[in-house]
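Structure file model_33.txt (compact mmCIF, C-alpha atoms and all ligand atoms) follows.
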```txt
# COMPACT_ATOMS: atom_id res chain seq x y z
CA MET A 1 -25.99 -9.33 10.82
CA LYS A 2 -24.52 -7.96 7.62
CA ILE A 3 -24.50 -4.27 6.87
CA GLU A 4 -23.47 -3.38 3.34
CA MET A 5 -21.07 -0.47 3.15
CA ALA A 6 -20.92 1.72 0.07
CA VAL A 7 -17.38 1.52 -1.32
CA PRO A 8 -16.34 4.18 -3.86
CA LYS A 9 -15.60 3.06 -7.41
CA PHE A 10 -12.93 4.35 -9.75
CA GLU A 11 -11.85 3.67 -13.30
CA LEU A 12 -8.44 2.89 -14.80
CA THR A 13 -7.06 2.06 -18.24
CA LEU A 14 -5.27 -1.27 -18.63
CA PRO A 15 -1.79 -0.63 -20.10
CA SER A 16 -1.79 -3.77 -22.31
CA THR A 17 -5.09 -3.25 -24.11
CA GLY A 18 -6.29 0.27 -23.35
CA GLU A 19 -9.46 -1.30 -21.93
CA LYS A 20 -11.20 0.68 -19.18
CA ILE A 21 -12.00 -1.23 -16.02
CA LYS A 22 -13.70 -0.35 -12.76
CA PHE A 23 -12.07 -0.85 -9.39
CA ARG A 24 -12.61 -0.12 -5.73
CA PRO A 25 -10.07 0.53 -2.93
CA PHE A 26 -9.15 -2.39 -0.73
CA VAL A 27 -10.98 -2.79 2.55
CA MET A 28 -9.51 -3.72 5.94
CA ARG A 29 -9.86 -7.46 5.32
CA GLU A 30 -7.63 -7.11 2.25
CA GLU A 31 -5.18 -4.78 3.92
CA LYS A 32 -4.68 -7.35 6.67
CA LEU A 33 -4.11 -10.00 4.01
CA LEU A 34 -1.40 -7.90 2.44
CA LEU A 35 0.33 -7.15 5.73
CA PHE A 36 0.25 -10.79 6.67
CA ALA A 37 1.72 -11.79 3.28
CA SER A 38 4.57 -9.29 3.42
CA GLU A 39 5.45 -10.48 6.92
CA ALA A 40 5.38 -14.11 5.78
CA ASN A 41 8.13 -12.99 3.41
CA GLY A 42 7.60 -15.59 0.71
CA ASP A 43 6.93 -14.87 -2.96
CA ALA A 44 4.05 -17.35 -3.06
CA GLU A 45 2.25 -15.65 -0.15
CA VAL A 46 2.72 -12.19 -1.65
CA ILE A 47 1.51 -13.33 -5.09
CA GLY A 48 -1.50 -15.04 -3.49
CA ALA A 49 -2.42 -11.90 -1.57
CA VAL A 50 -1.93 -9.62 -4.58
CA ASP A 51 -4.07 -11.96 -6.67
CA GLU A 52 -6.92 -11.99 -4.17
CA ILE A 53 -6.84 -8.21 -3.73
CA VAL A 54 -6.65 -7.46 -7.46
CA ARG A 55 -9.48 -9.91 -8.24
CA ASN A 56 -11.71 -8.56 -5.47
CA CYS A 57 -11.04 -4.91 -6.21
CA THR A 58 -11.46 -5.15 -10.00
CA PHE A 59 -14.62 -7.26 -9.70
CA ASN A 60 -12.75 -10.20 -11.27
CA ALA A 61 -11.61 -8.27 -14.35
CA VAL A 62 -7.90 -8.79 -13.61
CA SER A 63 -5.95 -11.62 -11.97
CA VAL A 64 -2.42 -12.98 -11.65
CA ASP A 65 -3.16 -15.80 -14.10
CA THR A 66 -4.83 -13.80 -16.85
CA HIS A 67 -2.83 -10.59 -17.14
CA PRO A 68 0.79 -9.67 -17.83
CA VAL A 69 2.97 -8.61 -14.93
CA PHE A 70 3.09 -4.97 -15.98
CA ASP A 71 -0.73 -4.74 -16.04
CA LEU A 72 -0.96 -6.41 -12.68
CA ILE A 73 1.54 -4.14 -10.94
CA TYR A 74 -0.04 -1.08 -12.53
CA VAL A 75 -3.54 -2.11 -11.38
CA PHE A 76 -2.30 -3.02 -7.91
CA LEU A 77 -0.63 0.36 -7.50
CA GLN A 78 -3.75 2.22 -8.65
CA ILE A 79 -5.77 0.30 -6.07
CA ARG A 80 -3.15 1.00 -3.42
CA ALA A 81 -3.17 4.71 -4.25
CA LYS A 82 -6.93 4.91 -3.66
CA SER A 83 -6.73 2.73 -0.54
CA VAL A 84 -3.83 3.90 1.61
CA GLY A 85 -2.60 6.98 -0.22
CA GLU A 86 -0.96 8.15 -3.39
CA LEU A 87 2.39 8.95 -1.80
CA VAL A 88 4.92 6.29 -0.85
CA GLU A 89 7.77 7.25 1.44
CA PHE A 90 11.07 5.46 1.21
CA PHE A 91 14.77 6.25 1.17
CA LEU A 92 17.40 6.29 -1.51
CA VAL A 93 20.86 4.93 -0.76
CA CYS A 94 23.82 6.79 -2.26
CA GLY A 95 25.92 4.56 -4.53
CA ASP A 96 29.12 6.22 -3.31
CA CYS A 97 28.87 6.93 0.40
CA GLY A 98 25.79 4.91 1.41
CA HIS A 99 24.04 7.97 2.85
CA LYS A 100 20.27 7.54 3.07
CA THR A 101 18.06 10.28 1.65
CA ASP A 102 14.32 10.41 2.32
CA ALA A 103 12.21 10.39 -0.82
CA THR A 104 8.53 10.45 -1.71
CA LEU A 105 6.91 9.07 -4.82
CA ASP A 106 3.42 9.74 -6.15
CA ILE A 107 2.42 6.30 -7.41
CA THR A 108 -0.30 7.66 -9.67
CA LYS A 109 2.50 9.22 -11.73
CA LEU A 110 4.01 5.82 -12.56
CA GLU A 111 3.57 4.70 -16.14
CA VAL A 112 4.12 1.56 -18.12
CA LYS A 113 6.89 2.35 -20.59
CA LYS A 114 6.62 0.85 -24.05
CA ASN A 115 9.54 0.29 -26.41
CA PRO A 116 8.67 1.21 -30.04
CA ASP A 117 10.87 -1.64 -31.36
CA HIS A 118 9.05 -4.28 -29.35
CA LYS A 119 7.25 -7.06 -31.27
CA THR A 120 5.18 -10.01 -30.09
CA THR A 121 5.63 -11.90 -33.37
CA ILE A 122 9.24 -12.80 -34.08
CA MET A 123 10.53 -14.17 -37.39
CA LEU A 124 13.27 -16.73 -36.70
CA SER A 125 13.95 -17.40 -40.40
CA ASP A 126 12.30 -16.29 -43.63
CA THR A 127 9.48 -18.74 -43.14
CA VAL A 128 9.38 -19.80 -39.48
CA GLY A 129 8.28 -17.53 -36.68
CA ILE A 130 7.02 -17.54 -33.14
CA LYS A 131 4.31 -15.55 -31.44
CA MET A 132 4.84 -14.77 -27.76
CA ARG A 133 2.63 -13.72 -24.87
CA TYR A 134 3.67 -11.76 -21.78
CA PRO A 135 4.77 -13.55 -18.61
CA ARG A 136 2.43 -13.77 -15.65
CA LEU A 137 3.59 -12.77 -12.19
CA SER A 138 4.04 -16.36 -11.00
CA GLU A 139 6.32 -17.01 -14.00
CA THR A 140 8.77 -14.26 -13.11
CA VAL A 141 9.80 -15.35 -9.64
CA GLY A 142 11.83 -18.32 -8.56
CA ALA A 143 15.25 -19.14 -9.93
CA SER A 144 17.82 -16.47 -10.60
CA ARG A 145 17.39 -14.70 -13.90
CA GLY A 146 20.59 -15.88 -15.54
CA ASP A 147 19.77 -19.55 -14.98
CA ILE A 148 19.32 -21.25 -18.39
CA ASP A 149 16.61 -23.60 -17.07
CA PHE A 150 14.66 -20.61 -15.83
CA ILE A 151 15.07 -18.79 -19.15
CA TYR A 152 13.93 -21.90 -21.06
CA ALA A 153 10.92 -22.36 -18.77
CA THR A 154 9.95 -18.71 -19.16
CA VAL A 155 10.19 -18.90 -22.97
CA ILE A 156 8.17 -22.13 -23.04
CA ASN A 157 5.50 -20.69 -20.72
CA CYS A 158 5.22 -17.58 -22.86
CA MET A 159 4.98 -19.26 -26.28
CA ASP A 160 1.66 -18.56 -27.92
CA SER A 161 2.25 -20.30 -31.25
CA ILE A 162 4.93 -21.39 -33.69
CA PHE A 163 4.19 -20.94 -37.37
CA THR A 164 5.62 -21.89 -40.74
CA GLU A 165 4.49 -20.82 -44.21
CA ASP A 166 1.58 -23.21 -44.18
CA GLU A 167 1.03 -24.27 -40.59
CA VAL A 168 0.33 -22.83 -37.15
CA TYR A 169 1.13 -24.86 -34.03
CA HIS A 170 -0.63 -23.55 -30.94
CA ALA A 171 1.58 -23.84 -27.89
CA LYS A 172 -1.25 -25.22 -25.76
CA ASP A 173 -1.50 -28.22 -28.14
CA LEU A 174 2.21 -29.01 -27.86
CA GLN A 175 3.95 -31.02 -25.17
CA TRP A 176 6.53 -29.30 -22.96
CA ASN A 177 9.36 -31.45 -24.40
CA GLU A 178 8.28 -30.67 -27.98
CA LYS A 179 8.65 -26.97 -27.20
CA ALA A 180 11.98 -27.57 -25.45
CA GLU A 181 13.22 -29.52 -28.49
CA PHE A 182 12.18 -26.69 -30.75
CA LEU A 183 14.26 -24.28 -28.65
CA ASP A 184 17.17 -26.74 -28.57
CA GLY A 185 17.24 -26.64 -32.38
CA LEU A 186 17.60 -22.85 -32.61
CA THR A 187 20.88 -21.08 -33.27
CA ALA A 188 22.16 -18.69 -30.60
CA GLU A 189 21.21 -15.80 -32.85
CA GLN A 190 17.63 -17.02 -33.20
CA PHE A 191 17.33 -17.62 -29.46
CA GLU A 192 18.56 -14.09 -28.85
CA LYS A 193 15.69 -12.74 -30.95
CA ILE A 194 13.28 -14.43 -28.55
CA GLN A 195 15.12 -13.04 -25.53
CA GLU A 196 14.78 -9.58 -27.05
CA PHE A 197 11.03 -9.97 -26.67
CA PHE A 198 11.52 -10.07 -22.89
CA ASP A 199 14.15 -7.32 -22.85
CA THR A 200 11.92 -4.87 -24.73
CA MET A 201 8.49 -5.71 -23.33
CA PRO A 202 6.48 -2.99 -21.55
CA LYS A 203 7.75 -2.29 -18.05
CA LEU A 204 6.60 -0.36 -15.09
CA THR A 205 9.75 1.38 -13.97
CA HIS A 206 10.60 4.72 -12.55
CA THR A 207 13.97 6.40 -12.38
CA MET A 208 14.85 9.19 -10.00
CA GLU A 209 17.89 11.40 -10.33
CA TYR A 210 19.17 13.19 -7.29
CA VAL A 211 22.31 14.64 -5.79
CA CYS A 212 23.47 13.06 -2.53
CA PRO A 213 23.36 15.80 0.13
CA LYS A 214 26.36 14.29 1.94
CA CYS A 215 28.93 13.67 -0.83
CA GLN A 216 27.32 15.64 -3.72
CA LYS A 217 27.44 12.62 -6.01
CA GLN A 218 24.83 12.53 -8.80
CA ASN A 219 22.78 9.34 -8.32
CA VAL A 220 20.28 7.60 -10.57
CA ALA A 221 17.95 5.26 -8.71
CA SER A 222 15.48 3.01 -10.47
CA LEU A 223 12.48 1.38 -8.91
CA ASP A 224 11.72 -1.89 -10.59
CA GLY A 225 9.47 -4.83 -10.20
CA LEU A 226 6.72 -5.55 -7.77
CA LEU A 227 8.59 -6.14 -4.57
CA SER A 228 10.39 -2.80 -4.51
CA PHE A 229 6.96 -1.16 -4.33
CA PHE A 230 6.08 -3.06 -1.20
CA ASP A 231 8.91 -1.81 0.98
ZN ZN B 301 26.71 10.16 -1.13
```
Would you mind writing the file out in structure tokens?
Amino acid sequence: MKIEMAVPKFELTLPSTGEKIKFRPFVMREEKLLLFASEANGDAEVIGAVDEIVRNCTFNAVSVDTHPVFDLIYVFLQIRAKSVGELVEFFLVCGDCGHKTDATLDITKLEVKKNPDHKTTIMLSDTVGIKMRYPRLSETVGASRGDIDFIYATVINCMDSIFTEDEVYHAKDLQWNEKAEFLDGLTAEQFEKIQEFFDTMPKLTHTMEYVCPKCQKQNVASLDGLLSFFD
């Protein structure tokens, strides 16, 4: 026996492209998947569950492998808002005295913030430049952020093309070690320009200012990344 249930549909605007896509809330099967993944407590399980839910609920318009992290988190939170509620309850910890204050956040109010100075095409010299693409969720977890191997791997994963005055080299046609050698040949200043791409890319963040009721200290709390929205 299979009885089809009518699931409501909603629409959202993808932060990266402004494209409108349809989505539905998650159903019990998917909610169980998410609970199971957060209990398993591994990044791979959580990413797998988020991927399946986002694919199912956007009718395959969005996935972990095809969309930048900020799109994915935004879409996931919109789905969550329509599935289990728009308000998330959590607590803020005072930076001074450690006192915990209850807080509520309306996740539909979260926005992807864009930096006006951000560029996806970066000139490394007068004639040589690099075009970048945004990291996928699976490319942002793993080693600690300061680790040079991790930074290199992220840059290599996110290369779209390298160009000179008369040639364009598509990253997908280059070997990993060719890309690593290209990076090895850059000056620190040139490499920094590439890192700026990551520092200024669109981000889904939210900052909350509040005064600790116990010690009266002014606190600024920022919610960042995917995992902080799961707690
Ligand atoms: Zn305090």
Practice problem: List the neighbours of Leu174 in chain A out to 12 Å using all atoms listed in the file; skip same-chain residues closer than 3 positions along the sequence, and give me the result as a PyMOL selection string. | Solution: chain A and resi 156-157+159-162+168-171+177-182
Quiz item: Can you list, as an MDAnalysis selection string, every protein, DNA or RNA residue that comes within 12 Å of Arg80 in chain A when you count only C-alpha atoms, leaving out same-chain residues fewer than 3 positions away?
Solution: chainID A and resid 23:27 30:31 34 50 53:54 57 73:77 83:88 106:108 229:230
Please tabulate, as a Markdown table, the residues of chain A that come within 9 Å of ligand ZN 301 (chain B), each with its closest pair of atoms and the distance in Å to one decimal, counting only C-alpha atoms and all ligand atoms and ordering rows by chain, then residue number upward.
```
| residue | atom | partner | partner_atom | distance |
| --- | --- | --- | --- | --- |
| A:Val93 | CA | B:ZN301 | ZN | 7.9 |
| A:Cys94 | CA | B:ZN301 | ZN | 4.6 |
| A:Gly95 | CA | B:ZN301 | ZN | 6.6 |
| A:Asp96 | CA | B:ZN301 | ZN | 5.1 |
| A:Cys97 | CA | B:ZN301 | ZN | 4.2 |
| A:Gly98 | CA | B:ZN301 | ZN | 5.9 |
| A:His99 | CA | B:ZN301 | ZN | 5.3 |
| A:Lys100 | CA | B:ZN301 | ZN | 8.1 |
| A:Val211 | CA | B:ZN301 | ZN | 7.8 |
| A:Cys212 | CA | B:ZN301 | ZN | 4.6 |
| A:Pro213 | CA | B:ZN301 | ZN | 6.7 |
| A:Lys214 | CA | B:ZN301 | ZN | 5.2 |
| A:Cys215 | CA | B:ZN301 | ZN | 4.2 |
| A:Gln216 | CA | B:ZN301 | ZN | 6.1 |
| A:Lys217 | CA | B:ZN301 | ZN | 5.5 |
| A:Gln218 | CA | B:ZN301 | ZN | 8.2 |
| A:Asn219 | CA | B:ZN301 | ZN | 8.2 |
```
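CA of Lys9 in chain A sits 10.6 Å away from CA of Phe59 in chain A.
Take CA of Ala44 in chain A and CA of Ala103 in chain A: the distance between them is 29.0 Å.
With distances restricted to only C-alpha atoms, A:Glu89 is the closest residue to Leu105 in chain A from A:Glu89, A:Asp149, A:Asp117, A:Asp184.
The list of residues with at least one atom within 12 Å of Asp199 in chain A, based on all atoms listed in the file and without residues fewer than 2 positions apart in the same chain, reads Lys114, Asn115, Asp117, His118, Lys119, Thr120, Tyr134, Glu192, Lys193, Ile194, Gln195, Glu196, Phe197, Met201, Pro202 and Lys203 of chain A.
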Quiz item: What is the CA of Arg133 in chain A to CA of Pro68 in chain A distance in Å?
Solution: 8.3 Å
